[in-house]
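Text of entry_27.csv, listed as CSV, C-alpha atoms:
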chain,number,residue,atom,x,y,z
F,841,MET,CA,59.4,110.2,67.6
F,842,LEU,CA,61.5,108.4,70.2
F,843,PRO,CA,65.1,107.7,69.4
F,844,ASP,CA,64.8,103.9,70.0
F,845,PRO,CA,61.1,102.9,69.9
F,846,GLN,CA,61.8,99.1,70.1
F,847,ARG,CA,63.8,99.4,73.3
F,848,PHE,CA,61.3,101.8,74.8
F,849,LEU,CA,58.4,99.4,74.0
F,850,ALA,CA,60.3,96.4,75.4
F,851,VAL,CA,61.1,98.1,78.7
F,852,ALA,CA,57.7,99.8,79.0
F,853,GLY,CA,55.7,96.7,78.1
F,854,ARG,CA,57.5,94.6,80.7
F,855,ARG,CA,56.7,97.2,83.4
F,856,ILE,CA,53.0,97.2,82.6
F,857,ALA,CA,52.9,93.4,82.3
F,858,ARG,CA,54.3,93.0,85.8
F,859,ALA,CA,51.5,95.2,87.3
F,860,GLU,CA,49.0,93.4,89.5
F,861,GLY,CA,45.5,94.6,89.1
F,862,ALA,CA,43.8,97.4,87.0
F,863,ASP,CA,44.9,100.3,89.2
F,864,GLN,CA,48.6,99.4,89.1
F,865,ALA,CA,48.4,98.7,85.3
F,866,VAL,CA,47.1,102.2,84.8
F,867,ARG,CA,49.7,103.7,87.1
F,868,GLU,CA,52.5,101.9,85.2
F,869,LEU,CA,51.1,103.1,81.9
F,870,TYR,CA,51.4,106.7,83.2
F,871,ARG,CA,54.9,106.2,84.5
F,872,VAL,CA,56.3,104.7,81.3
F,873,THR,CA,54.5,107.2,79.0
F,874,VAL,CA,55.2,110.6,80.7
F,875,PRO,CA,57.3,112.4,79.6
F,876,ASP,CA,58.9,110.2,76.9
F,877,LEU,CA,55.9,109.5,74.7
F,878,ALA,CA,53.5,112.2,75.9
F,879,ASP,CA,53.6,115.2,78.3
F,880,GLY,CA,50.4,114.1,80.0
F,881,MET,CA,47.6,111.5,79.8
F,882,PHE,CA,44.5,110.4,81.6
F,883,VAL,CA,42.5,107.2,81.5
F,884,TYR,CA,38.8,106.4,81.5
F,885,LEU,CA,37.8,102.8,82.5
F,886,GLY,CA,34.4,101.4,81.6
F,887,ASP,CA,31.9,98.6,82.4
F,888,HIS,CA,31.5,95.6,80.3
F,889,LEU,CA,28.1,94.4,79.4
F,890,PRO,CA,27.2,91.1,77.6
F,891,GLY,CA,26.6,91.6,74.0
F,892,ARG,CA,28.5,94.9,73.7
F,893,SER,CA,32.1,95.2,72.6
F,894,GLU,CA,32.4,98.7,74.1
F,895,PRO,CA,31.4,100.0,77.5
F,896,GLU,CA,28.1,101.8,78.2
F,897,HIS,CA,29.7,104.2,80.7
F,898,LEU,CA,33.3,105.5,81.3
F,899,ARG,CA,34.6,106.8,84.5
F,900,LEU,CA,37.8,108.8,85.0
F,901,ASP,CA,40.4,106.7,86.7
F,902,GLY,CA,42.3,109.6,88.1
F,903,ALA,CA,43.9,112.5,86.2
F,904,PRO,CA,47.1,114.4,87.2
F,905,THR,CA,46.3,117.7,88.8
F,906,GLU,CA,48.5,119.6,86.4
F,907,LEU,CA,46.2,118.7,83.5
F,908,GLY,CA,43.5,121.0,84.9
F,909,GLY,CA,45.7,124.1,84.3
F,910,VAL,CA,46.9,122.9,80.9
F,911,MET,CA,43.4,122.0,79.7
F,912,GLY,CA,41.5,124.9,81.3
F,913,GLY,CA,39.5,122.5,83.4
F,914,THR,CA,39.6,118.9,84.6
F,915,PRO,CA,38.1,116.1,82.5
F,916,PRO,CA,34.5,115.1,83.6
F,917,PRO,CA,34.4,112.3,86.2
F,918,SER,CA,32.2,110.0,84.0
F,919,ARG,CA,30.7,109.9,80.6
F,920,PRO,CA,28.1,107.8,78.8
F,921,VAL,CA,29.0,106.0,75.5
F,922,ALA,CA,26.2,106.3,73.0
F,923,PRO,CA,26.1,103.1,70.9
F,924,ASP,CA,25.8,105.0,67.6
F,925,GLY,CA,28.1,107.9,68.6
F,926,ALA,CA,31.6,108.9,67.4
F,927,LEU,CA,33.2,107.8,70.6
F,928,ALA,CA,31.8,104.2,70.3
F,929,ALA,CA,33.0,104.1,66.7
F,930,VAL,CA,36.5,105.1,67.8
F,931,LEU,CA,36.5,102.5,70.6
F,932,ARG,CA,35.3,99.8,68.2
F,933,CYS,CA,38.1,100.6,65.7
F,934,GLY,CA,40.6,99.3,68.3
F,935,ARG,CA,43.6,101.5,67.6
F,936,ALA,CA,45.0,104.9,68.6
F,937,ARG,CA,43.9,107.8,66.5
F,938,GLY,CA,45.0,111.4,66.3
F,939,ARG,CA,43.0,114.5,65.5
F,940,GLY,CA,42.4,115.1,61.9
F,941,PRO,CA,39.8,114.9,59.1
F,942,ASP,CA,37.8,112.2,60.8
F,943,ASP,CA,35.5,111.6,63.8
F,944,VAL,CA,38.1,111.9,66.5
F,945,ASP,CA,37.3,115.5,67.3
F,946,GLU,CA,33.6,114.6,67.7
F,947,ALA,CA,34.6,111.6,69.9
F,948,LEU,CA,36.7,113.9,72.1
F,949,ARG,CA,33.7,116.2,72.5
F,950,GLU,CA,31.6,113.3,73.6
F,951,LEU,CA,34.2,112.2,76.1
F,952,LEU,CA,35.3,115.6,77.5
F,953,GLY,CA,32.5,118.0,76.7
F,954,THR,CA,33.3,121.5,75.4
F,955,ALA,CA,35.1,122.9,78.5
F,956,PRO,CA,38.6,121.3,78.4
F,957,ARG,CA,41.1,123.0,76.1
F,958,LEU,CA,43.2,120.5,74.1
F,959,PRO,CA,46.5,121.1,72.3
F,960,GLN,CA,46.1,122.0,68.6
F,961,GLY,CA,47.3,119.9,65.7
F,962,ASN,CA,48.0,116.2,66.0
F,963,ARG,CA,49.2,116.4,69.6
F,964,VAL,CA,46.2,114.5,71.0
F,965,LEU,CA,45.9,110.7,70.7
F,966,LEU,CA,42.7,108.8,71.6
F,967,ALA,CA,43.6,105.2,72.3
F,968,PRO,CA,41.1,102.5,73.1
F,969,LEU,CA,42.0,100.1,75.8
F,970,ARG,CA,41.1,97.0,73.9
F,971,ALA,CA,41.4,93.5,75.4
F,972,PRO,CA,40.8,90.5,73.2
F,973,ASP,CA,37.1,90.3,74.0
F,974,ALA,CA,36.1,93.9,74.8
F,975,VAL,CA,37.1,97.5,75.1
F,976,VAL,CA,37.7,98.2,78.8
F,977,GLY,CA,38.4,101.9,78.5
F,978,VAL,CA,40.2,104.7,76.7
F,979,VAL,CA,43.4,106.7,77.1
F,980,VAL,CA,44.0,110.3,76.0
F,981,PHE,CA,47.7,111.1,75.4
F,982,LEU,CA,48.6,114.8,75.2
F,983,ARG,CA,51.7,116.7,74.0
F,984,ARG,CA,52.6,120.4,74.8
F,985,PRO,CA,52.0,122.9,72.0
F,986,ASP,CA,55.7,123.4,71.7
F,987,ARG,CA,56.4,119.7,71.0
F,988,GLU,CA,56.2,117.9,67.7
F,989,ASP,CA,53.0,116.2,66.6
F,990,PHE,CA,52.5,112.5,67.1
F,991,VAL,CA,53.7,110.5,64.1
F,992,GLU,CA,52.9,106.9,63.0
F,993,ASP,CA,55.6,105.3,65.1
F,994,ASP,CA,54.3,107.1,68.2
F,995,ILE,CA,50.8,105.9,67.4
F,996,ALA,CA,52.0,102.3,67.1
F,997,LEU,CA,53.7,102.6,70.5
F,998,ALA,CA,50.5,104.0,72.0
F,999,ASP,CA,48.6,101.1,70.5
F,1000,ALA,CA,51.0,98.5,71.9
F,1001,LEU,CA,51.1,100.0,75.4
F,1002,SER,CA,47.3,100.5,75.5
F,1003,ALA,CA,46.7,96.9,74.5
F,1004,GLN,CA,49.1,95.7,77.3
F,1005,THR,CA,47.3,97.8,79.8
F,1006,ALA,CA,43.9,96.6,78.6
F,1007,LEU,CA,45.0,93.0,79.2
F,1008,GLY,CA,45.9,93.8,82.8
F,1009,VAL,CA,42.6,95.7,83.4
F,1010,ARG,CA,40.5,93.0,81.8
F,1011,GLU,CA,42.2,90.2,83.7
F,1012,ASP,CA,41.5,92.0,86.9
F,1013,THR,CA,37.8,92.4,86.2
F,1014,LEU,CA,37.5,88.8,85.2
F,1015,GLY,CA,39.1,87.7,88.4
F,1016,SER,CA,37.0,89.8,90.7
F,1017,GLY,CA,34.1,88.0,92.5
F,1018,PRO,CA,32.6,84.6,91.8
F,1019,PRO,CA,31.6,84.0,88.2
F,1020,ALA,CA,27.8,84.0,87.8
F,1021,VAL,CA,28.0,82.0,84.6
F,1022,PRO,CA,30.6,79.7,83.1
F,1023,LYS,CA,33.5,81.5,81.4
F,1024,ALA,CA,33.3,81.9,77.6
F,1025,PRO,CA,36.3,80.5,75.6
F,1026,ASP,CA,37.4,84.1,74.9
F,1027,GLU,CA,37.6,84.8,78.6
F,1028,ASP,CA,39.6,81.6,79.2
F,1029,ARG,CA,42.1,82.6,76.5
F,1030,LEU,CA,42.3,86.2,77.9
F,1031,ARG,CA,43.0,84.9,81.4
F,1032,TYR,CA,45.7,82.5,80.0
F,1033,VAL,CA,47.4,85.2,77.9
F,1034,GLY,CA,47.4,87.6,80.8
F,1035,ALA,CA,48.9,85.1,83.2
F,1036,ALA,CA,51.5,83.9,80.6
F,1037,THR,CA,52.5,87.5,79.7
F,1038,ARG,CA,53.1,88.4,83.4
F,1039,ARG,CA,55.1,85.2,84.0
F,1040,ILE,CA,57.4,85.9,81.1
F,1041,ALA,CA,57.7,89.6,81.8
F,1042,ARG,CA,58.8,88.9,85.4
F,1043,GLY,CA,62.1,87.4,84.2
F,1044,PHE,CA,65.1,89.6,85.0
F,1045,ASP,CA,67.6,87.9,82.6
F,1046,THR,CA,67.5,85.9,79.4
F,1047,ASP,CA,67.4,82.5,81.2
F,1048,GLU,CA,64.5,83.5,83.4
F,1049,ILE,CA,62.5,85.0,80.5
F,1050,VAL,CA,63.0,81.8,78.4
F,1051,LEU,CA,62.1,79.6,81.3
F,1052,GLY,CA,58.9,81.7,81.8
F,1053,LEU,CA,58.0,81.2,78.2
F,1054,CYS,CA,58.4,77.4,78.4
F,1055,ARG,CA,56.6,77.1,81.7
F,1056,ALA,CA,53.7,79.2,80.4
F,1057,ALA,CA,53.5,77.3,77.1
F,1058,VAL,CA,53.8,73.7,78.4
F,1059,PRO,CA,51.5,71.9,78.8
F,1060,THR,CA,48.6,74.4,78.6
F,1061,TYR,CA,49.4,75.6,75.1
F,1062,SER,CA,51.7,73.0,73.6
F,1063,ASP,CA,53.1,69.6,74.6
F,1064,ALA,CA,56.7,70.7,73.9
F,1065,ALA,CA,58.8,73.8,73.3
F,1066,LEU,CA,62.3,74.3,72.0
F,1067,VAL,CA,63.8,77.8,72.2
F,1068,TYR,CA,66.7,78.8,70.0
F,1069,LEU,CA,68.4,82.1,70.4
F,1070,ARG,CA,70.9,83.9,68.3
F,1071,ASP,CA,74.5,83.3,69.4
F,1072,PRO,CA,75.9,85.6,70.3
F,1073,LEU,CA,72.9,87.7,71.3
F,1074,PRO,CA,73.0,91.3,70.0
F,1075,VAL,CA,73.8,93.9,72.6
F,1076,GLY,CA,72.1,97.3,72.8
F,1077,ASP,CA,71.7,98.8,69.3
F,1078,GLU,CA,74.2,96.4,67.8
F,1079,ARG,CA,73.2,95.1,64.4
F,1080,PRO,CA,75.1,91.8,63.9
F,1081,ASN,CA,76.7,91.1,60.5
F,1082,GLY,CA,77.2,87.8,58.7
F,1083,PRO,CA,75.2,84.6,58.9
F,1084,ALA,CA,73.0,84.1,62.0
F,1085,VAL,CA,73.8,81.2,64.2
F,1086,LEU,CA,71.1,79.9,66.5
F,1087,ARG,CA,71.8,77.9,69.7
F,1088,LEU,CA,69.4,75.7,71.5
F,1089,ARG,CA,68.8,77.6,74.8
F,1090,ARG,CA,66.1,75.6,76.5
F,1091,THR,CA,63.6,72.8,76.1
F,1092,ASP,CA,60.5,71.8,77.9
F,1093,ARG,CA,57.9,69.2,77.3
F,1094,LEU,CA,54.9,67.3,78.7
F,1095,LYS,CA,56.0,64.7,81.2
F,1096,GLY,CA,54.4,61.3,81.9
F,1097,PRO,CA,51.5,59.6,80.1
F,1098,GLY,CA,50.7,61.1,76.8
F,1099,ALA,CA,54.2,62.3,76.1
F,1100,GLU,CA,55.1,59.5,73.7
F,1101,GLY,CA,55.5,60.4,70.1
F,1102,LEU,CA,57.2,63.8,70.6
F,1103,VAL,CA,60.5,64.6,69.1
F,1104,TRP,CA,62.5,63.1,71.9
F,1105,PRO,CA,62.0,60.0,74.2
F,1106,ALA,CA,59.8,60.5,77.2
F,1107,GLU,CA,62.1,58.5,79.5
F,1108,THR,CA,65.2,60.7,78.9
F,1109,VAL,CA,63.6,64.0,80.0
F,1110,ASP,CA,65.5,66.2,82.4
F,1111,ASP,CA,64.4,69.8,83.1
F,1112,GLU,CA,67.9,71.2,82.5
F,1113,GLN,CA,69.3,68.9,79.8
F,1114,ASP,CA,67.2,66.8,77.6
F,1115,ASP,CA,68.5,64.1,75.3
F,1116,LEU,CA,66.9,65.6,72.2
F,1117,ASP,CA,66.5,64.5,68.7
F,1118,ALA,CA,67.2,68.1,67.7
F,1119,SER,CA,70.3,70.1,66.7
F,1120,ASP,CA,72.1,72.1,69.4
F,1121,TRP,CA,73.3,74.6,66.8
F,1122,SER,CA,71.8,75.9,63.5
F,1123,GLU,CA,73.2,78.3,60.9
F,1124,VAL,CA,70.6,80.4,59.2
F,1125,VAL,CA,71.5,80.1,55.5
F,1126,PRO,CA,70.7,83.3,53.5
F,1127,GLY,CA,67.7,82.5,51.2
F,1128,GLY,CA,66.9,79.3,53.0
F,1129,ALA,CA,63.6,78.2,54.5
F,1130,LEU,CA,64.6,79.1,58.0
F,1131,ALA,CA,65.8,82.6,56.9
F,1132,GLU,CA,62.4,83.2,55.2
F,1133,VAL,CA,60.5,82.2,58.4
F,1134,LEU,CA,62.6,84.5,60.5
F,1135,ARG,CA,62.3,87.3,58.0
F,1136,GLY,CA,58.5,87.0,58.2
F,1137,VAL,CA,58.5,87.7,62.0
F,1138,ARG,CA,55.3,85.7,62.5
F,1139,PRO,CA,54.4,82.1,63.4
F,1140,VAL,CA,54.1,79.6,60.6
F,1141,PHE,CA,53.0,76.0,60.4
F,1142,ALA,CA,56.0,73.7,60.0
F,1143,ASP,CA,54.0,71.3,57.8
F,1144,THR,CA,56.6,70.7,55.1
F,1145,PRO,CA,60.1,69.2,55.3
F,1146,PRO,CA,62.0,72.4,54.3
F,1147,THR,CA,60.2,74.4,56.9
Serialized structure, structure tokens:
Amino acid sequence: MLPDPQRFLAVAGRRIARAEGADQAVRELYRVTVPDLADGMFVYLGDHLPGRSEPEHLRLDGAPTELGGVMGGTPPPSRPVAPDGALAAVLRCGRARGRGPDDVDEALRELLGTAPRLPQGNRVLLAPLRAPDAVVGVVVFLRRPDREDFVEDDIALADALSAQTALGVREDTLGSGPPAVPKAPDEDRLRYVGAATRRIARGFDTDEIVLGLCRAAVPTYSDAALVYLRDPLPVGDERPNGPAVLRLRRTDRLKGPGAEGLVWPAETVDDEQDDLDASDWSEVVPGGALAEVLRGVRPVFADTPPT
């Protein structure tokens, strides 16, 4: 297990999100994974056919030469995916899985054949590259025999990094060539999420990140956005004590016709300083409604006065 999984995921996820195109996304995944999370990895990318959530064929998207010696042979260059096979079932499950009393060993045999030699124990992870609308490939993460097994926190990291990589790969395939048919709503959403993620991840400091969030959200996703951040922000591994204080860091909103009826007047908008009908500061009262929302770490509908 990594000493600071949250920091690792934040840094690694931003590097993958900044990648342009499928090839660079896969290269960034390798760079952030080896050797911290795994000692080696290789990636298979697949096709995407209408009506199937998993690919029909997978092709090896490059494998480090050192893996050949470690595994007793290089992975096969391409493999079919049988719709009713163990590999397809693992791809459909959508999360990284280690070797154990399940179908992962059979899925690895379908993917690699019987020639490659894999580490014993739970030192192999098979992680689907799952985008919102399809599985675009699969990653195999490997650890040396003298290293500890993958644990649940490692599997969660592999899941998150694989999902981020899948987004970049899928966005690249959606953007290549003229569309033969109108895009499905899922593809529109995928393209938007990919573009928004990259815009936010390219920020190099807090202000740029928050600006990227606002510019990505307004007006495509929402008509207005207000961003409150803890003040002061925690630094490094610091765990702040005492009541949390939130400070309004930035606002953004739809301009022009249609902007009426929002929480602040349309005629007073300025990109840097809005005349808001909103508090600049807010103390998070222990046990209060805001504290409960923050503790839940997920979005909620603010459909009641306390919320």
Find the residues near Thr1144 in chain F: any atom within 12 Å, counting only C-alpha atoms, skip ones fewer than 3 places away on the same chain, and give them as a PDB file with C-alpha atoms, keeping the file's coordinate frame.
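Output below, filename out-v5.pdb:
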ATOM      1  CA  ALA F1129      63.600  78.200  54.500  1.00  0.00           C
ATOM      2  CA  LEU F1130      64.600  79.100  58.000  1.00  0.00           C
ATOM      3  CA  VAL F1140      54.100  79.600  60.600  1.00  0.00           C
ATOM      4  CA  PHE F1141      53.000  76.000  60.400  1.00  0.00           C
ATOM      5  CA  THR F1147      60.200  74.400  56.900  1.00  0.00           C
TER       6      THR F1147
END
query = Contacts of Val976 in chain F at 7 Å or less, counting only C-alpha atoms, minus same-chain residues fewer than 2 places along, as a list of chain:residue names?
reply =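 Residues near the query, excluding close chain neighbours: F:Leu885, F:Gly886, F:Asp887, F:His888, F:Pro895, F:Leu969, F:Arg970, F:Ala971, F:Ala974, F:Ala1006, F:Arg1010.
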inquiry  = Between CA of Arg1038 in chain F and CA of Arg899 in chain F, what is the distance in Å, rounded to a tenth?
reply    =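 Taking CA of Arg1038 in chain F as the start and CA of Arg899 in chain F as the end point, the length is 26.1 Å.
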remark   = The residue from F:Leu982, F:Leu1051, F:Leu931, F:Leu1001 with the smallest atom-to-atom distance to Ala850 in chain F, counting all atoms listed in the file, is F:Leu1001
inquiry  = My list of candidates is F:Gly961, F:Val1125, F:Asp994, F:Ala928. Which is closest to Leu842 in chain F when distances are computed with all atoms listed in the file?
reply    =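 Residue with the minimum atom-to-atom distance to Leu842 in chain F: F:Asp994.
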message = Nearest residue to Tyr1032 in chain F out of F:Thr1060, F:Gln1004, F:Ser1119, F:Thr1091, using all atoms listed in the file?
response =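 Of F:Thr1060, F:Gln1004, F:Ser1119, F:Thr1091, the one nearest Tyr1032 in chain F, counting all atoms listed in the file, is F:Thr1060.
Note that CA of Gly1052 in chain F and CA of Arg1135 in chain F are 24.7 Å apart.
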message = Using only C-alpha atoms for the distances, tell me which of F:Pro1139, F:Gly861, F:Pro1083, F:Gly940 is nearest to Gly1127 in chain F.
response =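 The shortest atom-to-atom distance to Gly1127 in chain F comes from F:Pro1083.
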message = Could you list, as a list in words, every residue within 12 Å of Pro845 in chain F, counting all atoms listed in the file and ignoring same-chain residues fewer than 3 positions away?
response =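 Using all atoms listed in the file, the neighbours found are Met841, Leu842, Phe848, Leu849, Ala850, Val851, Ala852, Gly853, Asp876, Leu877, Glu992, Asp993, Asp994, Ile995, Ala996, Leu997, Ala998, Ala1000, Leu1001 and Asp1077 of chain F.
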Dump C-alpha atoms for the selected residues as a tab-separated table (two decimals), in the frame of the given file?
chain	number	residue	atom	x	y	z
F	841	MET	CA	59.40	110.20	67.60
F	842	LEU	CA	61.50	108.40	70.20
F	848	PHE	CA	61.30	101.80	74.80
F	849	LEU	CA	58.40	99.40	74.00
F	850	ALA	CA	60.30	96.40	75.40
F	851	VAL	CA	61.10	98.10	78.70
F	852	ALA	CA	57.70	99.80	79.00
F	853	GLY	CA	55.70	96.70	78.10
F	876	ASP	CA	58.90	110.20	76.90
F	877	LEU	CA	55.90	109.50	74.70
F	992	GLU	CA	52.90	106.90	63.00
F	993	ASP	CA	55.60	105.30	65.10
F	994	ASP	CA	54.30	107.10	68.20
F	995	ILE	CA	50.80	105.90	67.40
F	996	ALA	CA	52.00	102.30	67.10
F	997	LEU	CA	53.70	102.60	70.50
F	998	ALA	CA	50.50	104.00	72.00
F	1000	ALA	CA	51.00	98.50	71.90
F	1001	LEU	CA	51.10	100.00	75.40
F	1077	ASP	CA	71.70	98.80	69.30
